[in-house]
>>> print(open('protein-v4.tsv').read())   # TSV, C-alpha atoms and all ligand atoms
chain	number	residue	atom	x	y	z
A	257	MET	CA	0.00	0.00	0.00
A	258	ALA	CA	2.90	2.36	0.78
A	259	ASP	CA	4.10	1.98	-2.85
A	260	LEU	CA	0.87	3.31	-4.32
A	261	ASP	CA	0.46	6.79	-5.84
A	262	LEU	CA	-3.31	6.57	-5.62
A	263	LEU	CA	-5.77	4.50	-3.64
A	264	VAL	CA	-9.26	4.42	-5.14
A	265	LEU	CA	-12.13	3.53	-2.83
A	266	GLY	CA	-14.93	1.57	-4.49
A	267	SER	CA	-15.09	-0.78	-7.45
A	268	GLY	CA	-18.08	0.58	-9.34
A	269	VAL	CA	-17.90	2.30	-12.70
A	270	ALA	CA	-16.73	5.56	-11.08
A	271	GLY	CA	-13.92	3.98	-9.06
A	272	LEU	CA	-12.71	1.62	-11.77
A	273	SER	CA	-12.78	4.37	-14.44
A	274	ALA	CA	-10.73	6.63	-12.18
A	275	ALA	CA	-8.29	3.80	-11.46
A	276	VAL	CA	-7.80	2.91	-15.13
A	277	ARG	CA	-7.44	6.54	-16.15
A	278	ALA	CA	-4.91	7.30	-13.41
A	279	ALA	CA	-2.87	4.24	-14.37
A	280	GLU	CA	-3.04	4.62	-18.16
A	281	ILE	CA	-2.94	8.37	-18.62
A	282	HIS	CA	-0.90	9.46	-15.63
A	283	GLY	CA	1.21	6.35	-15.18
A	284	MET	CA	0.28	6.10	-11.52
A	285	ARG	CA	0.55	3.01	-9.38
A	286	VAL	CA	-3.05	2.52	-8.37
A	287	GLY	CA	-4.77	0.35	-5.81
A	288	VAL	CA	-8.52	-0.28	-5.51
A	289	LEU	CA	-9.95	-0.83	-2.06
A	290	THR	CA	-13.54	-1.90	-1.90
A	291	LYS	CA	-16.12	-3.15	0.52
A	292	ALA	CA	-16.49	-6.93	0.62
A	293	GLU	CA	-15.99	-8.24	-2.93
A	294	LEU	CA	-14.74	-6.52	-6.07
A	295	GLN	CA	-18.01	-7.28	-7.89
A	296	GLN	CA	-20.16	-5.80	-5.13
A	297	ALA	CA	-21.27	-2.49	-6.62
A	298	THR	CA	-24.47	-0.93	-7.84
A	299	THR	CA	-22.83	-0.91	-11.25
A	300	ARG	CA	-23.42	-4.69	-11.50
A	301	TRP	CA	-27.19	-4.06	-11.37
A	302	ALA	CA	-27.26	-1.46	-14.12
A	303	GLN	CA	-28.09	-3.96	-16.79
A	304	GLY	CA	-30.54	-1.69	-18.57
A	305	GLY	CA	-27.74	0.19	-20.26
A	306	VAL	CA	-26.41	3.72	-20.60
A	307	ALA	CA	-28.37	6.60	-22.14
A	308	ALA	CA	-26.39	8.95	-24.36
A	309	VAL	CA	-26.94	10.66	-27.71
A	310	LEU	CA	-24.72	8.59	-29.99
A	311	ASN	CA	-26.75	9.02	-33.14
A	312	GLU	CA	-27.35	12.73	-33.62
A	313	ASP	CA	-29.94	12.45	-36.35
A	314	PRO	CA	-32.81	12.72	-35.38
A	315	ASP	CA	-31.67	12.81	-31.74
A	316	SER	CA	-29.92	15.71	-30.00
A	317	THR	CA	-28.53	16.49	-26.58
A	318	ASP	CA	-31.21	19.19	-26.24
A	319	LEU	CA	-33.89	16.53	-26.72
A	320	HIS	CA	-32.14	14.24	-24.23
A	321	LEU	CA	-32.07	17.17	-21.78
A	322	ALA	CA	-35.79	17.87	-22.32
A	323	ASP	CA	-36.71	14.17	-21.86
A	324	THR	CA	-34.66	13.91	-18.66
A	325	LEU	CA	-36.13	17.07	-17.16
A	326	SER	CA	-39.63	15.95	-18.09
A	327	ALA	CA	-39.15	12.49	-16.52
A	328	GLY	CA	-37.56	14.15	-13.48
A	329	ALA	CA	-40.80	16.08	-12.88
A	330	GLY	CA	-39.09	19.17	-11.44
A	331	LEU	CA	-36.60	17.27	-9.28
A	332	CYS	CA	-33.59	17.58	-11.60
A	333	ASP	CA	-30.72	20.01	-11.28
A	334	VAL	CA	-30.73	21.42	-14.81
A	335	ASP	CA	-26.99	22.19	-14.82
A	336	ALA	CA	-26.15	18.64	-13.75
A	337	VAL	CA	-28.43	17.20	-16.44
A	338	ARG	CA	-26.75	19.45	-19.03
A	339	VAL	CA	-23.35	17.99	-18.05
A	340	LEU	CA	-24.82	14.47	-18.20
A	341	VAL	CA	-26.26	14.82	-21.69
A	342	ASP	CA	-23.33	16.81	-23.13
A	343	GLU	CA	-20.57	14.59	-21.75
A	344	GLY	CA	-22.44	11.28	-21.97
A	345	PRO	CA	-21.50	10.44	-25.58
A	346	SER	CA	-17.75	10.89	-25.06
A	347	ARG	CA	-17.91	8.91	-21.80
A	348	VAL	CA	-19.59	6.02	-23.65
A	349	HIS	CA	-16.89	6.17	-26.34
A	350	GLU	CA	-14.26	6.07	-23.59
A	351	LEU	CA	-15.91	2.95	-22.14
A	352	ILE	CA	-15.86	1.38	-25.61
A	353	ALA	CA	-12.17	2.29	-25.97
A	354	LEU	CA	-11.58	0.61	-22.60
A	355	GLY	CA	-13.14	-2.58	-23.97
A	356	ALA	CA	-16.84	-2.32	-23.04
A	357	ALA	CA	-18.62	-4.60	-25.53
A	358	PHE	CA	-21.99	-3.01	-26.14
A	359	ASP	CA	-24.49	-4.87	-28.32
A	360	ARG	CA	-24.23	-4.16	-32.08
A	361	ASP	CA	-26.21	-5.07	-35.19
A	362	PRO	CA	-24.71	-7.30	-37.92
A	363	GLN	CA	-23.26	-4.18	-39.58
A	364	GLY	CA	-21.41	-3.28	-36.39
A	365	ARG	CA	-23.63	-0.34	-35.48
A	366	LEU	CA	-24.50	0.11	-31.80
A	367	LEU	CA	-27.97	-1.20	-30.99
A	368	LEU	CA	-29.95	1.52	-29.24
A	369	ALA	CA	-32.87	0.64	-26.98
A	370	ARG	CA	-35.64	2.91	-25.83
A	371	GLU	CA	-36.86	3.14	-22.25
A	372	GLY	CA	-39.55	5.06	-20.41
A	373	GLY	CA	-39.11	8.82	-20.57
A	374	HIS	CA	-36.88	8.76	-23.67
A	375	SER	CA	-38.57	10.00	-26.82
A	376	LEU	CA	-36.05	8.16	-29.05
A	377	PRO	CA	-33.94	4.99	-28.75
A	378	ARG	CA	-30.62	6.04	-27.16
A	379	ILE	CA	-29.66	3.34	-24.64
A	380	VAL	CA	-26.56	1.26	-25.36
A	381	HIS	CA	-26.57	-2.08	-23.59
A	382	ALA	CA	-24.51	-5.22	-23.21
A	383	GLY	CA	-25.89	-8.75	-23.29
A	384	GLY	CA	-29.28	-7.54	-24.52
A	385	ALA	CA	-31.46	-4.84	-23.03
A	386	ALA	CA	-31.39	-7.30	-20.22
A	387	THR	CA	-34.26	-6.39	-17.97
A	388	GLY	CA	-36.74	-7.22	-20.71
A	389	LEU	CA	-39.00	-4.68	-19.06
A	390	GLU	CA	-41.03	-2.21	-21.03
A	391	VAL	CA	-41.17	0.90	-18.92
A	392	VAL	CA	-44.04	3.37	-18.79
A	393	VAL	CA	-43.71	6.56	-16.75
A	394	ILE	CA	-46.93	7.89	-15.20
A	395	ARG	CA	-46.80	11.30	-13.55
A	396	PRO	CA	-49.94	12.07	-11.56
A	397	ALA	CA	-51.40	15.42	-10.55
A	398	LEU	CA	-52.24	15.81	-6.84
A	399	VAL	CA	-53.62	12.39	-5.85
A	400	TYR	CA	-56.64	12.20	-3.54
A	401	GLY	CA	-58.95	9.48	-2.36
A	402	PRO	CA	-59.46	7.31	0.73
A	403	GLY	CA	-56.26	7.40	2.78
A	404	VAL	CA	-55.23	10.83	1.51
A	405	LYS	CA	-52.75	12.58	3.78
A	406	ALA	CA	-50.88	15.87	4.23
A	407	ASN	CA	-52.45	19.13	2.99
A	408	PHE	CA	-55.54	17.53	1.50
A	409	LEU	CA	-56.35	15.77	4.78
A	410	ARG	CA	-55.78	19.01	6.70
A	411	LEU	CA	-58.10	20.82	4.30
A	412	LEU	CA	-60.84	18.22	4.91
A	413	GLY	CA	-60.48	18.81	8.66
A	414	LEU	CA	-60.65	22.60	8.33
A	415	ILE	CA	-63.76	22.44	6.16
A	416	GLU	CA	-65.46	19.96	8.46
A	417	ARG	CA	-64.80	22.17	11.49
A	418	GLY	CA	-66.19	25.18	9.61
A	419	VAL	CA	-62.94	27.15	9.92
A	420	PRO	CA	-63.19	30.32	7.77
A	421	LEU	CA	-60.59	30.14	5.00
A	422	PRO	CA	-59.03	33.27	3.41
A	423	LEU	CA	-59.16	31.76	-0.06
A	424	ALA	CA	-62.21	33.35	-1.75
A	425	GLY	CA	-60.00	35.65	-3.85
A	426	VAL	CA	-57.67	32.91	-5.12
A	427	HIS	CA	-57.90	32.56	-8.91
A	428	ASN	CA	-55.75	29.52	-9.57
A	429	ARG	CA	-56.22	26.25	-11.45
A	430	ARG	CA	-55.10	22.93	-10.04
A	431	SER	CA	-55.29	19.48	-11.53
A	432	LEU	CA	-56.23	16.60	-9.29
A	433	VAL	CA	-56.43	12.89	-9.88
A	434	GLY	CA	-58.59	10.53	-7.89
A	435	VAL	CA	-56.91	7.28	-6.92
A	436	TRP	CA	-59.51	5.39	-9.01
A	437	ASN	CA	-58.52	7.19	-12.20
A	438	LEU	CA	-54.82	6.80	-11.45
A	439	CYS	CA	-55.20	3.03	-10.93
A	440	ASP	CA	-57.31	2.78	-14.06
A	441	LEU	CA	-54.62	4.48	-16.15
A	442	ILE	CA	-51.92	2.20	-14.66
A	443	ALA	CA	-54.03	-0.86	-15.58
A	444	THR	CA	-54.69	0.53	-19.07
A	445	ALA	CA	-51.00	1.30	-19.67
A	446	ALA	CA	-50.01	-2.19	-18.46
A	447	ARG	CA	-52.19	-3.75	-21.14
A	448	HIS	CA	-51.98	-1.32	-24.03
A	449	PRO	CA	-49.32	-2.05	-26.69
A	450	ALA	CA	-48.83	1.67	-27.46
A	451	ALA	CA	-47.88	2.51	-23.86
A	452	ALA	CA	-44.33	1.08	-23.72
A	453	GLY	CA	-41.61	3.70	-23.51
A	454	GLU	CA	-44.06	6.56	-23.06
A	455	THR	CA	-44.57	9.12	-20.30
A	456	PHE	CA	-48.15	9.95	-19.38
A	457	LEU	CA	-49.49	12.76	-17.22
A	458	VAL	CA	-52.73	11.87	-15.49
A	459	SER	CA	-55.49	13.98	-14.01
A	460	ASP	CA	-59.27	13.87	-13.64
A	461	GLN	CA	-59.36	16.20	-16.68
A	462	HIS	CA	-61.38	18.74	-14.75
A	463	ASP	CA	-59.19	21.39	-13.12
A	464	LEU	CA	-60.52	23.39	-10.17
A	465	SER	CA	-59.59	26.58	-8.39
A	466	THR	CA	-58.90	26.13	-4.68
A	467	PRO	CA	-62.14	27.96	-3.70
A	468	ASP	CA	-64.09	25.63	-6.03
A	469	LEU	CA	-62.36	22.66	-4.44
A	470	VAL	CA	-63.36	23.89	-0.97
A	471	ARG	CA	-66.96	24.42	-2.16
A	472	SER	CA	-67.15	20.92	-3.67
A	473	ILE	CA	-65.77	19.29	-0.52
A	474	ALA	CA	-68.10	21.34	1.69
A	475	ALA	CA	-71.08	20.38	-0.48
A	476	ALA	CA	-70.13	16.71	-0.22
A	477	MET	CA	-69.94	17.13	3.56
A	478	GLY	CA	-73.29	18.92	3.63
A	479	ARG	CA	-71.65	21.96	5.23
A	480	PRO	CA	-71.35	25.58	4.20
A	481	ALA	CA	-68.10	26.61	2.53
A	482	ARG	CA	-66.71	29.37	4.76
A	483	LEU	CA	-64.54	31.43	2.44
A	484	PHE	CA	-63.60	35.08	2.74
A	485	PRO	CA	-61.43	37.21	0.46
A	486	PHE	CA	-57.91	38.12	1.50
A	487	PRO	CA	-55.13	39.56	-0.68
A	488	THR	CA	-53.17	36.58	-2.00
A	489	PRO	CA	-49.74	38.37	-1.96
A	490	VAL	CA	-50.23	39.16	1.74
A	491	LEU	CA	-51.25	35.56	2.37
A	492	ARG	CA	-48.09	34.32	0.64
A	493	LEU	CA	-45.90	36.73	2.61
A	494	ALA	CA	-47.48	35.82	5.95
A	495	ALA	CA	-47.09	32.12	5.13
A	496	ARG	CA	-43.40	32.57	4.27
A	497	ILE	CA	-42.77	34.41	7.54
A	498	ALA	CA	-44.53	31.61	9.41
A	499	GLY	CA	-42.43	29.01	7.59
A	500	GLN	CA	-45.51	27.67	5.78
A	501	GLY	CA	-44.67	29.06	2.34
A	502	GLY	CA	-44.71	25.66	0.63
A	503	ALA	CA	-48.04	24.57	2.09
A	504	VAL	CA	-49.78	27.84	1.23
A	505	GLU	CA	-48.26	27.93	-2.26
A	506	ARG	CA	-49.88	24.57	-2.91
A	507	LEU	CA	-53.23	26.14	-1.99
A	508	VAL	CA	-52.94	29.42	-3.89
A	509	GLY	CA	-50.63	28.50	-6.78
A	510	SER	CA	-51.60	26.88	-10.06
A	511	LEU	CA	-50.40	23.47	-11.21
A	512	GLN	CA	-52.10	21.98	-14.23
A	513	VAL	CA	-51.40	18.68	-15.89
A	514	ASP	CA	-52.54	17.83	-19.39
A	515	SER	CA	-53.47	14.17	-19.69
A	516	ALA	CA	-54.57	14.45	-23.33
A	517	LYS	CA	-51.72	12.14	-24.43
A	518	ALA	CA	-53.22	9.23	-22.46
A	519	THR	CA	-56.52	9.84	-24.23
A	520	ARG	CA	-54.89	10.17	-27.63
A	521	LEU	CA	-52.55	7.16	-27.45
A	522	LEU	CA	-54.45	4.79	-25.17
A	523	GLY	CA	-58.04	5.95	-25.59
A	524	TRP	CA	-58.06	6.47	-21.82
A	525	LEU	CA	-60.65	8.71	-20.18
A	526	PRO	CA	-61.23	9.26	-16.46
A	527	ARG	CA	-63.91	6.92	-15.18
A	528	VAL	CA	-64.68	8.85	-12.00
A	529	SER	CA	-65.58	12.56	-12.13
A	530	VAL	CA	-63.98	15.01	-9.70
A	531	ASP	CA	-67.31	15.52	-7.94
A	532	ASP	CA	-67.81	11.80	-7.52
A	533	GLY	CA	-64.20	11.32	-6.41
A	534	LEU	CA	-64.46	14.09	-3.82
A	535	ARG	CA	-67.76	12.64	-2.58
A	536	ARG	CA	-66.17	9.20	-2.13
A	537	THR	CA	-63.18	10.78	-0.36
A	538	VAL	CA	-65.46	12.69	2.01
A	539	GLU	CA	-67.38	9.47	2.74
A	540	TRP	CA	-64.10	7.79	3.67
A	541	TYR	CA	-63.11	10.81	5.80
A	542	GLN	CA	-66.41	10.92	7.66
A	543	SER	CA	-66.48	7.17	8.26
A	544	ARG	CA	-62.99	7.38	9.76
A	545	SER	CA	-63.72	10.37	12.00
A	546	GLY	CA	-66.90	8.69	13.19
B	601	LIG	C1	-31.17	-2.18	-9.98
B	601	LIG	C2	-30.40	-1.02	-10.58
B	601	LIG	C3	-30.47	-0.83	-11.95
B	601	LIG	C4	-29.78	0.24	-12.51
B	601	LIG	N1	-29.84	0.38	-13.86
B	601	LIG	C5	-29.14	1.38	-14.44
B	601	LIG	C6	-29.11	1.48	-15.86
B	601	LIG	O1	-29.70	0.68	-16.58
B	601	LIG	N2	-28.40	2.48	-16.41
B	601	LIG	C7	-27.70	3.39	-15.63
B	601	LIG	O2	-27.06	4.28	-16.19
B	601	LIG	N3	-27.72	3.31	-14.28
B	601	LIG	C8	-28.40	2.33	-13.68
B	601	LIG	N4	-28.39	2.22	-12.32
B	601	LIG	C9	-27.62	3.19	-11.55
B	601	LIG	C10	-26.12	2.82	-11.66
B	601	LIG	O3	-25.96	1.49	-11.27
B	601	LIG	C11	-25.30	3.73	-10.75
B	601	LIG	O4	-25.61	5.10	-11.00
B	601	LIG	C12	-23.82	3.54	-10.98
B	601	LIG	O5	-23.51	2.17	-11.07
B	601	LIG	C13	-23.06	4.19	-9.84
B	601	LIG	O6	-21.69	3.87	-10.00
B	601	LIG	P1	-20.67	4.20	-8.86
B	601	LIG	O7	-19.35	3.71	-9.30
B	601	LIG	O8	-20.78	5.64	-8.49
B	601	LIG	O9	-21.23	3.42	-7.57
B	601	LIG	P2	-21.26	1.84	-7.29
B	601	LIG	O10	-21.32	1.02	-8.53
B	601	LIG	O11	-22.37	1.64	-6.28
B	601	LIG	O12	-19.89	1.59	-6.59
B	601	LIG	C14	-19.62	2.02	-5.27
B	601	LIG	C15	-18.47	1.15	-4.76
B	601	LIG	O13	-18.04	1.64	-3.49
B	601	LIG	C16	-17.87	0.51	-2.63
B	601	LIG	N5	-18.00	0.99	-1.25
B	601	LIG	C17	-19.09	1.46	-0.65
B	601	LIG	N6	-18.78	1.80	0.62
B	601	LIG	C18	-17.47	1.56	0.79
B	601	LIG	C19	-16.59	1.71	1.87
B	601	LIG	N7	-17.00	2.20	3.04
B	601	LIG	N8	-15.30	1.37	1.70
B	601	LIG	C20	-14.86	0.89	0.51
B	601	LIG	N9	-15.65	0.72	-0.56
B	601	LIG	C21	-16.96	1.04	-0.40
B	601	LIG	C22	-18.94	-0.45	-3.05
B	601	LIG	O14	-18.67	-1.77	-2.61
B	601	LIG	C23	-18.84	-0.31	-4.58
B	601	LIG	O15	-17.79	-1.12	-5.08
B	601	LIG	C24	-29.05	1.14	-11.71
B	601	LIG	C25	-29.00	0.95	-10.33
B	601	LIG	C26	-29.67	-0.13	-9.77
B	601	LIG	C27	-29.57	-0.35	-8.28
>>> encode(input="protein-v4.tsv", output="structure tokens", more="lines below")
Ligand SMILES: Cc1cc2nc3c(=O)[nH]c(=O)nc-3n(C[C@H](O)[C@H](O)[C@H](O)COP(=O)(O)OP(=O)(O)OC[C@H]3O[C@@H](n4cnc5c(N)ncnc54)[C@H](O)[C@@H]3O)c2cc1C
Amino acid sequence: MADLDLLVLGSGVAGLSAAVRAAEIHGMRVGVLTKAELQQATTRWAQGGVAAVLNEDPDSTDLHLADTLSAGAGLCDVDAVRVLVDEGPSRVHELIALGAAFDRDPQGRLLLAREGGHSLPRIVHAGGAATGLEVVVIRPALVYGPGVKANFLRLLGLIERGVPLPLAGVHNRRSLVGVWNLCDLIATAARHPAAAGETFLVSDQHDLSTPDLVRSIAAAMGRPARLFPFPTPVLRLAARIAGQGGAVERLVGSLQVDSAKATRLLGWLPRVSVDDGLRRTVEWYQSRSG
């Protein structure tokens, strides 16, 4: 160990790439220290392949970026994804130069597979696209139904107790999806041959403002909707000061989801209307609170 220039910890793709590069390019004496066995790394499980734009026509790194951000549903760091899509192709070529034997067609061209979230085939793989899984990504709007938790459950409690809510002046639009419609789309996508590799947004296809939502829930409970107007900017500011900015934003902000693609490709339509879904949710809520 004392004779080493570099000790790499971990034997996954990151560690082994660093070790090979340090040895080959910089002529270092390298050791690899890993937990348990050499083969024990997440890298061994990544049999689906590596996504990178290797065939620029009709693909592009901008399209790869857009697909990744869309599948990430707002969770991605855009700068990190930009690095991933821009540097991915050269990293794959480096792996090939190091001896990675990705699957090729009889003419020697790389075989590219397509997985959920990718609008074009761009996954190189070895030993077949080995999972054999056809992936469908389903991104729901705010899900409600029996068992609902968090803000929606709190809202049910406030309406039931008749607490006056300062939301009459809110002019937003929010998509919701009842658990029945979400399950129905999952079942439809599992059966439908056109679903594989696609991303679907799902909602009840009837967006509501928050005051309308409160009125519908109150009507289902047989109670008056107690709403009064209050300037929304002041509400937002007060919520931020109280550390409740996120919760209030979800009440006053807009978030709409267009599930037209599920209708177009799969012929899917919501089976349960928002009113019916809210009524069933209120029934569950009232049965649970006695
Ligand atoms: C089921 C599954 C499927 C996947 N499919 C894909 C796919 O199709 N395509 C894709 O791009 N990505 C896929 N991924 C993700 C991919 O596997 C990882 O992003 C990638 O392998 C991470 O490589 P790494 O070298 O950073 O980490 P790892 O491969 O996890 O390597 C970490 C190494 O560090 C070692 N180690 C940990 N702790 C210590 C310690 N204390 N001391 C010494 N050594 C330690 C571990 O033993 C291991 O050797 C998949 C992941 C999983 C789990």
>>> closest_residue(input="protein-v4.tsv", among="A:Leu262, A:Ala357, A:Ile281, A:Ala382", to="ligand LIG 601 (chain B)", atoms="all atoms listed in the file")
A:Ala382
>>> residues_near_ligand(input="protein-v4.tsv", ligand="ligand LIG 601 (chain B)", cutoff="6 Å", atoms="only C-alpha atoms and all ligand atoms", output="list in words")
Leu265, Gly266, Ser267, Gly268, Val269, Ala270, Gly271, Leu289, Thr290, Lys291, Gln296, Ala297, Thr298, Thr299, Trp301, Ala302, Gln303, Gly304, Gly305 and Val306 of chain A
>>> atom_distance(input="protein-v4.tsv", atom1="atom CA of A:Gly509", atom2="atom CA of A:Val458")
18.9 Å
>>> atom_distance(input="protein-v4.tsv", atom1="atom CA of A:Pro467", atom2="atom CA of A:Gly425")
8.0 Å
>>> closest_residue(input="protein-v4.tsv", among="A:Arg300, A:Arg338, A:His374, A:Arg430", to="A:Asp323", atoms="all atoms listed in the file")
A:His374
>>> decode(input="protein-v4.tsv", residues="stretch 355-383 of chain A", atoms="N, CA and C atoms", output="PDB file, in the first residue's frame")
ATOM      1  N   GLY A 355     -12.812  -1.171 -23.731  1.00  0.00           N
ATOM      2  CA  GLY A 355     -13.138  -2.577 -23.971  1.00  0.00           C
ATOM      3  C   GLY A 355     -14.574  -2.950 -23.668  1.00  0.00           C
ATOM      4  N   ALA A 356     -15.429  -1.981 -23.302  1.00  0.00           N
ATOM      5  CA  ALA A 356     -16.837  -2.322 -23.042  1.00  0.00           C
ATOM      6  C   ALA A 356     -17.468  -2.807 -24.344  1.00  0.00           C
ATOM      7  N   ALA A 357     -18.054  -4.013 -24.304  1.00  0.00           N
ATOM      8  CA  ALA A 357     -18.620  -4.599 -25.533  1.00  0.00           C
ATOM      9  C   ALA A 357     -20.120  -4.391 -25.539  1.00  0.00           C
ATOM     10  N   PHE A 358     -20.556  -3.251 -26.039  1.00  0.00           N
ATOM     11  CA  PHE A 358     -21.989  -3.005 -26.135  1.00  0.00           C
ATOM     12  C   PHE A 358     -22.559  -3.769 -27.335  1.00  0.00           C
ATOM     13  N   ASP A 359     -23.854  -4.085 -27.254  1.00  0.00           N
ATOM     14  CA  ASP A 359     -24.491  -4.869 -28.323  1.00  0.00           C
ATOM     15  C   ASP A 359     -24.510  -4.078 -29.637  1.00  0.00           C
ATOM     16  N   ARG A 360     -24.263  -4.788 -30.753  1.00  0.00           N
ATOM     17  CA  ARG A 360     -24.234  -4.156 -32.079  1.00  0.00           C
ATOM     18  C   ARG A 360     -25.061  -4.978 -33.050  1.00  0.00           C
ATOM     19  N   ASP A 361     -25.491  -4.335 -34.147  1.00  0.00           N
ATOM     20  CA  ASP A 361     -26.208  -5.069 -35.186  1.00  0.00           C
ATOM     21  C   ASP A 361     -25.183  -5.750 -36.100  1.00  0.00           C
ATOM     22  N   PRO A 362     -25.668  -6.566 -37.073  1.00  0.00           N
ATOM     23  CA  PRO A 362     -24.709  -7.301 -37.919  1.00  0.00           C
ATOM     24  C   PRO A 362     -23.761  -6.373 -38.682  1.00  0.00           C
ATOM     25  N   GLN A 363     -24.142  -5.126 -38.893  1.00  0.00           N
ATOM     26  CA  GLN A 363     -23.259  -4.175 -39.584  1.00  0.00           C
ATOM     27  C   GLN A 363     -22.283  -3.491 -38.620  1.00  0.00           C
ATOM     28  N   GLY A 364     -22.346  -3.855 -37.359  1.00  0.00           N
ATOM     29  CA  GLY A 364     -21.415  -3.285 -36.386  1.00  0.00           C
ATOM     30  C   GLY A 364     -21.889  -1.989 -35.759  1.00  0.00           C
ATOM     31  N   ARG A 365     -23.129  -1.572 -36.100  1.00  0.00           N
ATOM     32  CA  ARG A 365     -23.634  -0.340 -35.476  1.00  0.00           C
ATOM     33  C   ARG A 365     -24.188  -0.643 -34.086  1.00  0.00           C
ATOM     34  N   LEU A 366     -23.988   0.307 -33.166  1.00  0.00           N
ATOM     35  CA  LEU A 366     -24.500   0.115 -31.803  1.00  0.00           C
ATOM     36  C   LEU A 366     -26.016  -0.035 -31.828  1.00  0.00           C
ATOM     37  N   LEU A 367     -26.520  -1.029 -31.110  1.00  0.00           N
ATOM     38  CA  LEU A 367     -27.973  -1.196 -30.991  1.00  0.00           C
ATOM     39  C   LEU A 367     -28.463  -0.260 -29.892  1.00  0.00           C
ATOM     40  N   LEU A 368     -29.444   0.558 -30.214  1.00  0.00           N
ATOM     41  CA  LEU A 368     -29.947   1.524 -29.236  1.00  0.00           C
ATOM     42  C   LEU A 368     -31.347   1.107 -28.800  1.00  0.00           C
ATOM     43  N   ALA A 369     -31.546   0.997 -27.497  1.00  0.00           N
ATOM     44  CA  ALA A 369     -32.868   0.641 -26.979  1.00  0.00           C
ATOM     45  C   ALA A 369     -33.557   1.909 -26.477  1.00  0.00           C
ATOM     46  N   ARG A 370     -34.858   1.772 -26.321  1.00  0.00           N
ATOM     47  CA  ARG A 370     -35.636   2.914 -25.831  1.00  0.00           C
ATOM     48  C   ARG A 370     -36.308   2.530 -24.524  1.00  0.00           C
ATOM     49  N   GLU A 371     -36.201   3.404 -23.530  1.00  0.00           N
ATOM     50  CA  GLU A 371     -36.863   3.141 -22.251  1.00  0.00           C
ATOM     51  C   GLU A 371     -37.797   4.282 -21.903  1.00  0.00           C
ATOM     52  N   GLY A 372     -38.578   4.064 -20.843  1.00  0.00           N
ATOM     53  CA  GLY A 372     -39.552   5.062 -20.414  1.00  0.00           C
ATOM     54  C   GLY A 372     -38.922   6.429 -20.243  1.00  0.00           C
ATOM     55  N   GLY A 373     -39.594   7.453 -20.729  1.00  0.00           N
ATOM     56  CA  GLY A 373     -39.110   8.821 -20.565  1.00  0.00           C
ATOM     57  C   GLY A 373     -38.270   9.294 -21.731  1.00  0.00           C
ATOM     58  N   HIS A 374     -37.698   8.361 -22.515  1.00  0.00           N
ATOM     59  CA  HIS A 374     -36.881   8.761 -23.669  1.00  0.00           C
ATOM     60  C   HIS A 374     -37.764   8.800 -24.913  1.00  0.00           C
ATOM     61  N   SER A 375     -37.704   9.912 -25.652  1.00  0.00           N
ATOM     62  CA  SER A 375     -38.571   9.996 -26.824  1.00  0.00           C
ATOM     63  C   SER A 375     -37.969   9.283 -28.030  1.00  0.00           C
ATOM     64  N   LEU A 376     -36.687   8.893 -27.942  1.00  0.00           N
ATOM     65  CA  LEU A 376     -36.053   8.157 -29.046  1.00  0.00           C
ATOM     66  C   LEU A 376     -35.177   7.048 -28.459  1.00  0.00           C
ATOM     67  N   PRO A 377     -34.858   6.024 -29.250  1.00  0.00           N
ATOM     68  CA  PRO A 377     -33.937   4.992 -28.746  1.00  0.00           C
ATOM     69  C   PRO A 377     -32.546   5.608 -28.580  1.00  0.00           C
ATOM     70  N   ARG A 378     -31.969   5.491 -27.368  1.00  0.00           N
ATOM     71  CA  ARG A 378     -30.621   6.041 -27.162  1.00  0.00           C
ATOM     72  C   ARG A 378     -29.872   5.311 -26.037  1.00  0.00           C
ATOM     73  N   ILE A 379     -30.307   4.067 -25.737  1.00  0.00           N
ATOM     74  CA  ILE A 379     -29.664   3.337 -24.641  1.00  0.00           C
ATOM     75  C   ILE A 379     -28.747   2.265 -25.223  1.00  0.00           C
ATOM     76  N   VAL A 380     -27.451   2.371 -24.972  1.00  0.00           N
ATOM     77  CA  VAL A 380     -26.562   1.263 -25.357  1.00  0.00           C
ATOM     78  C   VAL A 380     -26.581   0.242 -24.227  1.00  0.00           C
ATOM     79  N   HIS A 381     -26.481  -1.026 -24.595  1.00  0.00           N
ATOM     80  CA  HIS A 381     -26.574  -2.081 -23.587  1.00  0.00           C
ATOM     81  C   HIS A 381     -25.655  -3.223 -23.961  1.00  0.00           C
ATOM     82  N   ALA A 382     -25.368  -4.058 -22.969  1.00  0.00           N
ATOM     83  CA  ALA A 382     -24.511  -5.218 -23.210  1.00  0.00           C
ATOM     84  C   ALA A 382     -25.262  -6.472 -22.793  1.00  0.00           C
ATOM     85  N   GLY A 383     -25.197  -7.499 -23.613  1.00  0.00           N
ATOM     86  CA  GLY A 383     -25.891  -8.745 -23.286  1.00  0.00           C
ATOM     87  C   GLY A 383     -27.392  -8.605 -23.403  1.00  0.00           C
TER      88      GLY A 383
END
